[in-house]
>>> print(open('work34.txt').read())   # compact mmCIF, C-alpha atoms and all ligand atoms
# COMPACT_ATOMS: atom_id res chain seq x y z
CA MET A 1 -130.81 -60.53 -67.49
CA THR A 2 -132.28 -63.68 -69.05
CA MET A 3 -135.26 -63.27 -71.35
CA LYS A 4 -138.63 -63.75 -69.66
CA VAL A 5 -141.69 -65.16 -71.39
CA ILE A 6 -144.72 -63.58 -69.77
CA LYS A 7 -148.23 -64.86 -70.37
CA THR A 8 -150.40 -62.89 -67.96
CA ILE A 9 -151.34 -59.23 -67.68
CA PRO A 10 -150.51 -58.84 -63.95
CA GLU A 11 -147.07 -60.37 -64.49
CA MET A 12 -146.39 -58.09 -67.46
CA ARG A 13 -147.40 -55.01 -65.48
CA ALA A 14 -145.25 -56.07 -62.51
CA TRP A 15 -142.25 -56.62 -64.81
CA THR A 16 -142.51 -53.09 -66.27
CA GLN A 17 -143.02 -51.57 -62.84
CA ALA A 18 -139.86 -53.26 -61.55
CA VAL A 19 -137.86 -52.08 -64.59
CA LYS A 20 -139.12 -48.49 -64.22
CA ALA A 21 -138.45 -48.53 -60.48
CA ARG A 22 -134.79 -49.09 -61.37
CA GLY A 23 -134.95 -45.97 -63.52
CA GLU A 24 -134.73 -47.90 -66.80
CA THR A 25 -136.72 -47.15 -69.96
CA VAL A 26 -138.91 -49.67 -71.80
CA GLY A 27 -139.19 -49.95 -75.58
CA PHE A 28 -141.99 -52.06 -77.05
CA VAL A 29 -142.36 -53.92 -80.36
CA PRO A 30 -145.87 -55.30 -80.95
CA THR A 31 -146.03 -58.20 -83.44
CA MET A 32 -148.14 -61.11 -84.54
CA GLY A 33 -145.10 -63.41 -84.48
CA PHE A 34 -143.55 -65.58 -87.21
CA LEU A 35 -140.69 -63.14 -87.02
CA HIS A 36 -138.52 -62.09 -89.93
CA GLU A 37 -135.81 -59.47 -90.54
CA GLY A 38 -138.48 -56.73 -90.70
CA HIS A 39 -139.49 -57.46 -87.11
CA LEU A 40 -135.86 -57.85 -86.03
CA SER A 41 -135.07 -54.40 -87.42
CA LEU A 42 -137.80 -52.95 -85.17
CA ILE A 43 -136.31 -54.77 -82.18
CA ARG A 44 -132.85 -53.37 -83.02
CA GLN A 45 -134.31 -49.84 -83.21
CA ALA A 46 -135.95 -50.36 -79.81
CA LYS A 47 -132.71 -51.66 -78.30
CA LYS A 48 -130.83 -48.59 -79.49
CA ARG A 49 -133.29 -46.28 -77.73
CA ALA A 50 -134.26 -48.07 -74.51
CA GLN A 51 -132.55 -50.00 -71.76
CA ARG A 52 -135.17 -52.78 -71.82
CA VAL A 53 -137.15 -54.16 -74.73
CA VAL A 54 -140.47 -56.02 -74.71
CA VAL A 55 -141.80 -57.84 -77.80
CA SER A 56 -145.42 -58.99 -77.87
CA ILE A 57 -146.42 -62.00 -79.92
CA TYR A 58 -150.16 -62.20 -80.31
CA VAL A 59 -152.27 -63.01 -83.36
CA ASN A 60 -155.13 -60.66 -82.59
CA PRO A 61 -158.48 -62.14 -83.67
CA THR A 62 -160.37 -58.82 -83.68
CA GLN A 63 -158.35 -57.41 -86.58
CA PHE A 64 -159.23 -60.28 -88.94
CA GLY A 65 -162.46 -60.20 -90.95
CA PRO A 66 -164.76 -63.26 -91.00
CA ASN A 67 -163.30 -64.60 -94.27
CA GLU A 68 -159.67 -63.74 -93.56
CA ASP A 69 -156.72 -65.91 -92.57
CA PHE A 70 -156.86 -65.82 -88.74
CA GLU A 71 -156.81 -69.64 -88.40
CA LYS A 72 -154.13 -70.11 -91.07
CA TYR A 73 -151.91 -67.20 -90.00
CA PRO A 74 -148.38 -68.69 -89.60
CA ARG A 75 -147.31 -69.33 -86.00
CA ASP A 76 -144.05 -70.73 -84.58
CA PHE A 77 -143.51 -69.57 -81.03
CA GLU A 78 -140.38 -71.62 -80.35
CA ARG A 79 -138.58 -70.16 -83.33
CA ASP A 80 -139.74 -66.64 -82.40
CA GLU A 81 -138.51 -67.16 -78.84
CA GLN A 82 -135.05 -68.14 -80.08
CA LEU A 83 -134.88 -65.14 -82.43
CA CYS A 84 -135.89 -62.76 -79.62
CA LYS A 85 -133.26 -64.26 -77.31
CA ALA A 86 -130.59 -63.86 -79.98
CA GLU A 87 -131.53 -60.16 -80.35
CA GLY A 88 -131.21 -59.60 -76.60
CA VAL A 89 -134.92 -58.97 -75.99
CA ASP A 90 -135.66 -58.72 -72.25
CA ALA A 91 -139.26 -59.93 -72.18
CA VAL A 92 -141.71 -61.52 -74.60
CA PHE A 93 -145.38 -60.93 -73.84
CA TYR A 94 -147.21 -64.00 -75.16
CA PRO A 95 -150.81 -63.96 -73.95
CA ASP A 96 -153.63 -66.24 -75.11
CA ASP A 97 -157.08 -65.12 -76.26
CA ASN A 98 -158.67 -65.58 -72.83
CA GLU A 99 -156.06 -63.31 -71.29
CA MET A 100 -156.62 -60.57 -73.89
CA TYR A 101 -160.39 -60.74 -74.41
CA SER A 102 -162.68 -61.87 -71.60
CA SER A 103 -166.08 -63.20 -72.61
CA LEU A 104 -167.51 -59.85 -71.41
CA HIS A 105 -165.38 -57.72 -73.78
CA LYS A 106 -167.42 -54.88 -75.32
CA THR A 107 -165.07 -51.91 -75.81
CA TYR A 108 -163.43 -50.91 -79.09
CA VAL A 109 -161.18 -48.02 -80.05
CA ILE A 110 -161.93 -46.48 -83.46
CA THR A 111 -159.94 -43.81 -85.31
CA GLU A 112 -162.68 -42.48 -87.53
CA ASP A 113 -162.11 -41.74 -91.24
CA LEU A 114 -158.45 -42.84 -91.24
CA SER A 115 -159.55 -46.44 -90.69
CA GLN A 116 -161.98 -46.47 -93.62
CA VAL A 117 -159.63 -45.52 -96.50
CA LEU A 118 -156.96 -47.60 -98.32
CA CYS A 119 -156.87 -51.03 -96.56
CA GLY A 120 -159.98 -50.04 -94.58
CA ARG A 121 -162.15 -50.27 -97.70
CA SER A 122 -161.63 -54.00 -98.15
CA ARG A 123 -160.97 -54.66 -94.42
CA PRO A 124 -163.68 -52.48 -92.80
CA THR A 125 -163.20 -53.73 -89.21
CA HIS A 126 -159.43 -54.34 -89.41
CA PHE A 127 -158.14 -51.08 -87.92
CA ARG A 128 -160.75 -51.12 -85.16
CA GLY A 129 -159.18 -54.43 -84.10
CA VAL A 130 -155.65 -53.03 -84.40
CA THR A 131 -156.33 -49.86 -82.38
CA THR A 132 -158.22 -51.82 -79.74
CA VAL A 133 -155.47 -54.37 -79.22
CA VAL A 134 -152.68 -51.78 -79.38
CA ALA A 135 -154.49 -49.62 -76.78
CA LYS A 136 -154.79 -52.70 -74.57
CA LEU A 137 -151.12 -53.60 -75.11
CA PHE A 138 -150.02 -50.05 -74.27
CA ASN A 139 -152.02 -50.23 -71.02
CA ILE A 140 -150.58 -53.64 -70.19
CA VAL A 141 -146.91 -53.14 -71.16
CA GLN A 142 -146.78 -49.41 -70.29
CA PRO A 143 -143.74 -48.71 -72.48
CA ASP A 144 -141.96 -45.38 -72.94
CA PHE A 145 -142.10 -45.85 -76.70
CA ALA A 146 -143.28 -48.37 -79.27
CA VAL A 147 -141.82 -49.17 -82.69
CA PHE A 148 -143.98 -49.86 -85.76
CA GLY A 149 -142.96 -50.60 -89.36
CA GLN A 150 -143.50 -48.25 -92.29
CA LYS A 151 -144.58 -51.34 -94.27
CA ASP A 152 -147.97 -50.93 -92.59
CA ALA A 153 -147.98 -47.18 -93.33
CA GLN A 154 -151.68 -46.64 -92.65
CA GLN A 155 -151.44 -48.57 -89.38
CA ALA A 156 -148.53 -46.37 -88.24
CA ILE A 157 -150.48 -43.18 -89.01
CA ILE A 158 -153.57 -44.49 -87.21
CA ILE A 159 -151.59 -45.55 -84.13
CA LYS A 160 -149.92 -42.13 -83.94
CA ARG A 161 -153.34 -40.47 -84.13
CA MET A 162 -154.75 -42.79 -81.47
CA ALA A 163 -151.82 -42.27 -79.08
CA GLU A 164 -152.18 -38.51 -79.40
CA ASP A 165 -155.98 -38.43 -79.22
CA LEU A 166 -156.16 -40.71 -76.18
CA ASN A 167 -153.10 -39.16 -74.44
CA PHE A 168 -151.08 -42.34 -74.19
CA PRO A 169 -147.70 -41.43 -72.68
CA VAL A 170 -146.04 -43.55 -75.39
CA GLU A 171 -143.81 -42.16 -78.13
CA ILE A 172 -144.50 -43.77 -81.52
CA VAL A 173 -141.42 -44.57 -83.61
CA VAL A 174 -141.77 -45.64 -87.25
CA ALA A 175 -138.98 -47.76 -88.76
CA PRO A 176 -138.19 -48.20 -92.49
CA ILE A 177 -139.38 -51.09 -94.68
CA ILE A 178 -137.01 -54.07 -94.82
CA ARG A 179 -136.97 -55.82 -98.19
CA GLU A 180 -135.73 -59.07 -99.70
CA LYS A 181 -132.76 -58.69 -102.08
CA ASP A 182 -135.13 -58.48 -105.05
CA GLY A 183 -137.19 -55.71 -103.44
CA LEU A 184 -140.19 -57.65 -102.09
CA ALA A 185 -141.17 -56.21 -98.71
CA MET A 186 -140.70 -58.81 -95.99
CA SER A 187 -143.98 -60.10 -94.57
CA SER A 188 -145.08 -63.16 -92.64
CA ARG A 189 -147.66 -63.67 -95.38
CA ASN A 190 -144.95 -64.12 -98.08
CA LYS A 191 -144.94 -67.71 -96.82
CA TYR A 192 -148.26 -68.25 -98.64
CA LEU A 193 -146.74 -67.46 -102.07
CA SER A 194 -146.10 -70.23 -104.62
CA PRO A 195 -142.68 -70.03 -106.33
CA ARG A 196 -144.35 -68.41 -109.35
CA GLN A 197 -146.23 -65.87 -107.26
CA ARG A 198 -143.06 -65.14 -105.28
CA LYS A 199 -141.25 -64.18 -108.52
CA GLU A 200 -144.19 -62.15 -109.82
CA ALA A 201 -144.61 -60.29 -106.52
CA THR A 202 -141.37 -58.38 -107.16
CA VAL A 203 -143.41 -56.22 -109.56
CA LEU A 204 -144.97 -54.43 -106.58
CA TYR A 205 -141.73 -52.75 -105.55
CA ARG A 206 -140.77 -52.16 -109.18
CA SER A 207 -144.09 -50.35 -109.71
CA LEU A 208 -143.43 -48.16 -106.66
CA LYS A 209 -139.90 -47.34 -107.86
CA MET A 210 -141.31 -46.54 -111.30
CA ALA A 211 -143.78 -44.13 -109.65
CA GLU A 212 -140.93 -42.49 -107.76
CA GLN A 213 -138.93 -42.12 -110.97
CA GLU A 214 -141.88 -40.61 -112.86
CA TYR A 215 -142.50 -38.14 -110.03
CA SER A 216 -138.88 -37.10 -109.72
CA ASN A 217 -138.74 -36.65 -113.51
CA GLY A 218 -141.45 -34.02 -113.08
CA ASN A 219 -144.63 -36.00 -113.75
CA HIS A 220 -147.05 -34.65 -111.13
CA ASP A 221 -150.11 -36.18 -112.81
CA ILE A 222 -150.93 -38.65 -110.04
CA GLU A 223 -153.72 -40.37 -111.99
CA ASP A 224 -151.28 -41.01 -114.84
CA ILE A 225 -148.70 -42.46 -112.42
CA LYS A 226 -151.32 -44.76 -110.85
CA LYS A 227 -152.43 -45.89 -114.32
CA LYS A 228 -148.83 -46.76 -115.27
CA MET A 229 -148.39 -48.71 -112.03
CA ARG A 230 -151.60 -50.66 -112.68
CA GLN A 231 -150.50 -51.45 -116.25
CA LEU A 232 -147.11 -52.72 -115.07
CA ILE A 233 -148.56 -54.92 -112.32
CA GLU A 234 -151.19 -56.36 -114.66
CA ALA A 235 -148.65 -56.98 -117.43
CA GLU A 236 -146.10 -58.73 -115.24
CA SER A 237 -148.13 -60.69 -112.71
CA SER A 238 -151.28 -62.64 -112.05
CA GLY A 239 -151.91 -60.50 -108.94
CA LYS A 240 -155.38 -58.97 -108.51
CA ILE A 241 -155.11 -55.33 -107.55
CA ASP A 242 -157.15 -54.37 -104.48
CA TYR A 243 -156.06 -50.74 -104.64
CA ILE A 244 -153.32 -48.39 -105.79
CA GLU A 245 -153.74 -45.03 -104.06
CA ALA A 246 -151.87 -41.76 -103.70
CA VAL A 247 -152.66 -39.76 -100.55
CA ASP A 248 -151.09 -37.13 -98.33
CA ALA A 249 -148.36 -38.97 -96.42
CA GLU A 250 -149.43 -37.52 -93.06
CA THR A 251 -153.19 -37.05 -93.22
CA LEU A 252 -154.15 -39.72 -95.79
CA GLY A 253 -156.23 -36.93 -97.39
CA PRO A 254 -156.00 -35.77 -101.03
CA PRO A 255 -152.41 -35.54 -102.32
CA ARG A 256 -150.82 -32.16 -103.05
CA PRO A 257 -148.10 -32.87 -105.62
CA GLY A 258 -145.10 -30.57 -105.36
CA GLU A 259 -146.33 -29.23 -102.01
CA ARG A 260 -146.34 -32.09 -99.51
CA PRO A 261 -144.98 -35.66 -99.29
CA ILE A 262 -147.24 -38.21 -100.99
CA LEU A 263 -147.79 -41.79 -99.87
CA ILE A 264 -148.26 -44.21 -102.75
CA ALA A 265 -149.74 -47.35 -101.23
CA LEU A 266 -150.99 -50.56 -102.78
CA ALA A 267 -152.54 -53.89 -101.88
CA VAL A 268 -152.53 -56.79 -104.31
CA TYR A 269 -153.96 -60.28 -103.91
CA PHE A 270 -151.72 -63.19 -104.79
CA GLU A 271 -154.29 -65.66 -103.46
CA PRO A 272 -154.36 -66.67 -100.69
CA ALA A 273 -151.96 -63.84 -99.78
CA ARG A 274 -152.85 -60.16 -99.80
CA LEU A 275 -149.62 -58.17 -100.01
CA ILE A 276 -149.21 -54.49 -99.16
CA ASP A 277 -146.36 -52.10 -99.91
CA ASN A 278 -145.77 -48.36 -100.22
CA ILE A 279 -143.32 -45.58 -100.94
CA ILE A 280 -143.19 -41.91 -99.98
CA LEU A 281 -142.61 -39.35 -102.72
CA GLN A 282 -140.88 -36.35 -101.24
CA LYS A 283 -142.04 -32.89 -102.33
CA GLY A 284 -140.15 -33.19 -105.62
N1 LIG A 301 -140.70 -55.67 -94.04
C1 LIG A 301 -140.93 -54.97 -92.94
N2 LIG A 301 -140.16 -53.90 -92.66
C2 LIG A 301 -140.37 -53.14 -91.55
N3 LIG A 301 -141.33 -53.42 -90.64
C3 LIG A 301 -142.12 -54.48 -90.87
C4 LIG A 301 -141.96 -55.31 -92.01
N4 LIG A 301 -142.88 -56.30 -91.96
C5 LIG A 301 -143.60 -56.10 -90.84
N5 LIG A 301 -143.14 -55.01 -90.18
C6 LIG A 301 -143.69 -54.43 -88.95
O1 LIG A 301 -143.68 -55.39 -87.92
C7 LIG A 301 -144.76 -55.13 -87.03
C8 LIG A 301 -145.51 -56.40 -86.83
O2 LIG A 301 -146.09 -56.78 -88.05
P1 LIG A 301 -146.71 -58.19 -88.35
O3 LIG A 301 -146.43 -59.12 -87.22
O4 LIG A 301 -148.10 -58.04 -88.83
O5 LIG A 301 -145.78 -58.68 -89.52
P2 LIG A 301 -146.00 -58.80 -91.03
O6 LIG A 301 -144.88 -59.57 -91.57
O7 LIG A 301 -146.33 -57.44 -91.54
O8 LIG A 301 -147.26 -59.69 -91.16
P3 LIG A 301 -148.37 -59.62 -92.24
O9 LIG A 301 -148.05 -60.71 -93.14
O10 LIG A 301 -149.54 -59.83 -91.34
O11 LIG A 301 -148.41 -58.29 -92.88
C9 LIG A 301 -145.61 -54.04 -87.68
O12 LIG A 301 -145.29 -52.79 -87.08
C10 LIG A 301 -145.15 -54.08 -89.11
O13 LIG A 301 -145.29 -52.83 -89.79
C1 LIG A 302 -149.69 -53.92 -84.42
C2 LIG A 302 -150.18 -55.36 -84.42
C3 LIG A 302 -149.20 -56.23 -83.67
C4 LIG A 302 -151.51 -55.39 -83.65
O1 LIG A 302 -152.00 -56.70 -83.59
C5 LIG A 302 -150.41 -55.86 -85.85
O2 LIG A 302 -151.38 -55.14 -86.51
C6 LIG A 302 -149.14 -55.95 -86.65
O3 LIG A 302 -148.46 -56.95 -86.45
O4 LIG A 302 -148.84 -55.06 -87.44
N1 LIG A 303 -149.39 -56.14 -90.12
C1 LIG A 303 -150.83 -56.12 -90.25
C2 LIG A 303 -151.47 -57.26 -89.64
C3 LIG A 303 -152.68 -57.73 -90.37
O1 LIG A 303 -152.68 -57.70 -91.61
O2 LIG A 303 -153.64 -58.16 -89.74
>>> encode(input="work34.txt", output="structure tokens")
Amino acid sequence: MTMKVIKTIPEMRAWTQAVKARGETVGFVPTMGFLHEGHLSLIRQAKKRAQRVVVSIYVNPTQFGPNEDFEKYPRDFERDEQLCKAEGVDAVFYPDDNEMYSSLHKTYVITEDLSQVLCGRSRPTHFRGVTTVVAKLFNIVQPDFAVFGQKDAQQAIIIKRMAEDLNFPVEIVVAPIIREKDGLAMSSRNKYLSPRQRKEATVLYRSLKMAEQEYSNGNHDIEDIKKKMRQLIEAESSGKIDYIEAVDAETLGPPRPGERPILIALAVYFEPARLIDNIILQKG
């Protein structure tokens, strides 16, 4: 089967219907394009689990705030198309804004509370845009399951909640974070980093590993761990910390050290980039 590039909703629906009519399963990887090894790892996970794989490439305007990088967000469809072909993707859904949002669009999907903490504090309308577009994509692609990256840990938790709350017949799979050799989590936005920022940004992963080490050595004082992370990041980089938080890894509520897994998540500005990363501390 040669890879199809599909730009319209009716064509995408018809494609999935034909695949399902043959008794085949459909795995789905939603992305904003400018693909890297992180995205490719999600595609490989999807290929392992389903007979057919759809990747969407769509830079969704509703998840960007008014002063964010929607216009500048890196785009290179031809390169993405080649990478998808090389991975054996069956269809790429590549709609434009008119296809996704008619001028009459008024409906948004909101996962309350979960969307207002961590990244939601500095990006108050971001997750509303994510859940809205993902709900639309699920209705358009109609996959059996969809794969998301743990790099966007809060997004993965919110999408799981949304799928369950709204009874989407879509299984949500979360795949591990893929990193550069020096530990920096892969991200399309790493492209914005100057050589100096790129070197400094390795401190993010080092701070997370330091937190993990502290915790496994028996330090369950979460405020102390966060303080040490902050000190390390400030000492070794010019990055401006947006947040360093420790929350329950499933509910995003208050952490319970020694009882339940804890998500340590951070966002740091290396202007114009805003980088995120995280680690899960097991019960310890
Ligand atoms: N390093 C990574 N490891 C695993 N999954 C990743 C990684 N980077 C992105 N993903 C996942 O790929 C999917 C698409 O993400 P997206 O297109 O926003 O890429 P991105 O590189 O995270 O971009 P951004 O710079 O906007 O954060 C999401 O589910 C995201 O969690
Ligand atoms: C899930 C997603 C493709 C929705 O636009 C986006 O938030 C992303 O790339 O993580
Ligand atoms: N992966 C998250 C996409 C965004 O920051 O808008």
>>> residues_near_ligand(input="work34.txt", ligand="ligand LIG 301 (chain A)", cutoff="9 Å", atoms="all atoms listed in the file", output="PyMOL selection string")
chain A and resi 29-42+57-59+73-74+147-153+155-156+174-180+184-191+273-277
>>> write_last_selection(input="work34.txt", atoms="C-alpha atoms", output="JSON list (two decimals), in the coordinates of the input")
[["chain", "number", "residue", "atom", "x", "y", "z"],
["A", 29, "VAL", "CA", -142.36, -53.92, -80.36],
["A", 30, "PRO", "CA", -145.87, -55.30, -80.95],
["A", 31, "THR", "CA", -146.03, -58.20, -83.44],
["A", 32, "MET", "CA", -148.14, -61.11, -84.54],
["A", 33, "GLY", "CA", -145.10, -63.41, -84.48],
["A", 34, "PHE", "CA", -143.55, -65.58, -87.21],
["A", 35, "LEU", "CA", -140.69, -63.14, -87.02],
["A", 36, "HIS", "CA", -138.52, -62.09, -89.93],
["A", 37, "GLU", "CA", -135.81, -59.47, -90.54],
["A", 38, "GLY", "CA", -138.48, -56.73, -90.70],
["A", 39, "HIS", "CA", -139.49, -57.46, -87.11],
["A", 40, "LEU", "CA", -135.86, -57.85, -86.03],
["A", 41, "SER", "CA", -135.07, -54.40, -87.42],
["A", 42, "LEU", "CA", -137.80, -52.95, -85.17],
["A", 57, "ILE", "CA", -146.42, -62.00, -79.92],
["A", 58, "TYR", "CA", -150.16, -62.20, -80.31],
["A", 59, "VAL", "CA", -152.27, -63.01, -83.36],
["A", 73, "TYR", "CA", -151.91, -67.20, -90.00],
["A", 74, "PRO", "CA", -148.38, -68.69, -89.60],
["A", 147, "VAL", "CA", -141.82, -49.17, -82.69],
["A", 148, "PHE", "CA", -143.98, -49.86, -85.76],
["A", 149, "GLY", "CA", -142.96, -50.60, -89.36],
["A", 150, "GLN", "CA", -143.50, -48.25, -92.29],
["A", 151, "LYS", "CA", -144.58, -51.34, -94.27],
["A", 152, "ASP", "CA", -147.97, -50.93, -92.59],
["A", 153, "ALA", "CA", -147.98, -47.18, -93.33],
["A", 155, "GLN", "CA", -151.44, -48.57, -89.38],
["A", 156, "ALA", "CA", -148.53, -46.37, -88.24],
["A", 174, "VAL", "CA", -141.77, -45.64, -87.25],
["A", 175, "ALA", "CA", -138.98, -47.76, -88.76],
["A", 176, "PRO", "CA", -138.19, -48.20, -92.49],
["A", 177, "ILE", "CA", -139.38, -51.09, -94.68],
["A", 178, "ILE", "CA", -137.01, -54.07, -94.82],
["A", 179, "ARG", "CA", -136.97, -55.82, -98.19],
["A", 180, "GLU", "CA", -135.73, -59.07, -99.70],
["A", 184, "LEU", "CA", -140.19, -57.65, -102.09],
["A", 185, "ALA", "CA", -141.17, -56.21, -98.71],
["A", 186, "MET", "CA", -140.70, -58.81, -95.99],
["A", 187, "SER", "CA", -143.98, -60.10, -94.57],
["A", 188, "SER", "CA", -145.08, -63.16, -92.64],
["A", 189, "ARG", "CA", -147.66, -63.67, -95.38],
["A", 190, "ASN", "CA", -144.95, -64.12, -98.08],
["A", 191, "LYS", "CA", -144.94, -67.71, -96.82],
["A", 273, "ALA", "CA", -151.96, -63.84, -99.78],
["A", 274, "ARG", "CA", -152.85, -60.16, -99.80],
["A", 275, "LEU", "CA", -149.62, -58.17, -100.01],
["A", 276, "ILE", "CA", -149.21, -54.49, -99.16],
["A", 277, "ASP", "CA", -146.36, -52.10, -99.91]]
>>> atom_distance(input="work34.txt", atom1="atom CA of Phe127 of chain A", atom2="atom CA of Val109 of chain A")
9.0 Å
>>> closest_atom_pairs(input="work34.txt", of="chain A", to="ligand LIG 303 (chain A)", cutoff="7 Å", atoms="all atoms listed in the file", output="CSV")
residue,atom,partner,partner_atom,distance
A:Gln63,CA,A:LIG303,O2,5.7
A:Phe64,CA,A:LIG303,O2,6.0
A:His126,CA,A:LIG303,O2,6.9
A:Asp152,CA,A:LIG303,N1,5.9
>>> residues_around(input="work34.txt", residues="Gly183 of chain A", least_positions_apart="4", cutoff="8 Å", atoms="all atoms listed in the file", output="count of residues only")
4
>>> closest_residue(input="work34.txt", among="A:Gln154, A:Gln142, A:Ser238, A:Gln282", to="Ala265 of chain A", atoms="all atoms listed in the file")
A:Gln154
>>> residues_around(input="work34.txt", residues="Leu166 of chain A", least_positions_apart="2", cutoff="12 Å", atoms="all atoms listed in the file", output="PyMOL selection string")
chain A and resi 109-111+131-132+135+138-139+158-164+168-170
>>> build_atoms(input="work34.txt", residues="segment 130-145 of chain A", atoms="N, CA and C atoms", output="tab-separated table (two decimals), in the frame of the given file")
chain	number	residue	atom	x	y	z
A	130	VAL	N	-157.04	-53.41	-84.67
A	130	VAL	CA	-155.65	-53.03	-84.40
A	130	VAL	C	-155.59	-51.99	-83.28
A	131	THR	N	-156.40	-50.93	-83.40
A	131	THR	CA	-156.33	-49.86	-82.38
A	131	THR	C	-156.78	-50.39	-81.02
A	132	THR	N	-157.76	-51.27	-81.02
A	132	THR	CA	-158.22	-51.82	-79.74
A	132	THR	C	-157.11	-52.64	-79.09
A	133	VAL	N	-156.49	-53.53	-79.85
A	133	VAL	CA	-155.47	-54.37	-79.22
A	133	VAL	C	-154.23	-53.56	-78.85
A	134	VAL	N	-153.88	-52.58	-79.69
A	134	VAL	CA	-152.68	-51.78	-79.38
A	134	VAL	C	-152.94	-50.92	-78.13
A	135	ALA	N	-154.16	-50.38	-78.00
A	135	ALA	CA	-154.49	-49.62	-76.78
A	135	ALA	C	-154.36	-50.53	-75.56
A	136	LYS	N	-154.88	-51.75	-75.68
A	136	LYS	CA	-154.79	-52.70	-74.57
A	136	LYS	C	-153.31	-53.01	-74.26
A	137	LEU	N	-152.55	-53.27	-75.32
A	137	LEU	CA	-151.12	-53.60	-75.11
A	137	LEU	C	-150.38	-52.44	-74.46
A	138	PHE	N	-150.69	-51.21	-74.89
A	138	PHE	CA	-150.02	-50.05	-74.27
A	138	PHE	C	-150.37	-49.98	-72.78
A	139	ASN	N	-151.63	-50.26	-72.44
A	139	ASN	CA	-152.02	-50.23	-71.02
A	139	ASN	C	-151.41	-51.38	-70.22
A	140	ILE	N	-151.14	-52.47	-70.88
A	140	ILE	CA	-150.58	-53.64	-70.19
A	140	ILE	C	-149.06	-53.50	-70.05
A	141	VAL	N	-148.39	-53.18	-71.16
A	141	VAL	CA	-146.91	-53.14	-71.16
A	141	VAL	C	-146.40	-51.81	-70.58
A	142	GLN	N	-147.16	-50.74	-70.78
A	142	GLN	CA	-146.78	-49.41	-70.29
A	142	GLN	C	-145.36	-49.00	-70.70
A	143	PRO	N	-145.10	-49.04	-72.02
A	143	PRO	CA	-143.74	-48.71	-72.48
A	143	PRO	C	-143.53	-47.20	-72.57
A	144	ASP	N	-142.26	-46.79	-72.68
A	144	ASP	CA	-141.96	-45.38	-72.94
A	144	ASP	C	-142.16	-45.07	-74.41
A	145	PHE	N	-141.82	-46.02	-75.27
A	145	PHE	CA	-142.10	-45.85	-76.70
A	145	PHE	C	-142.37	-47.20	-77.35
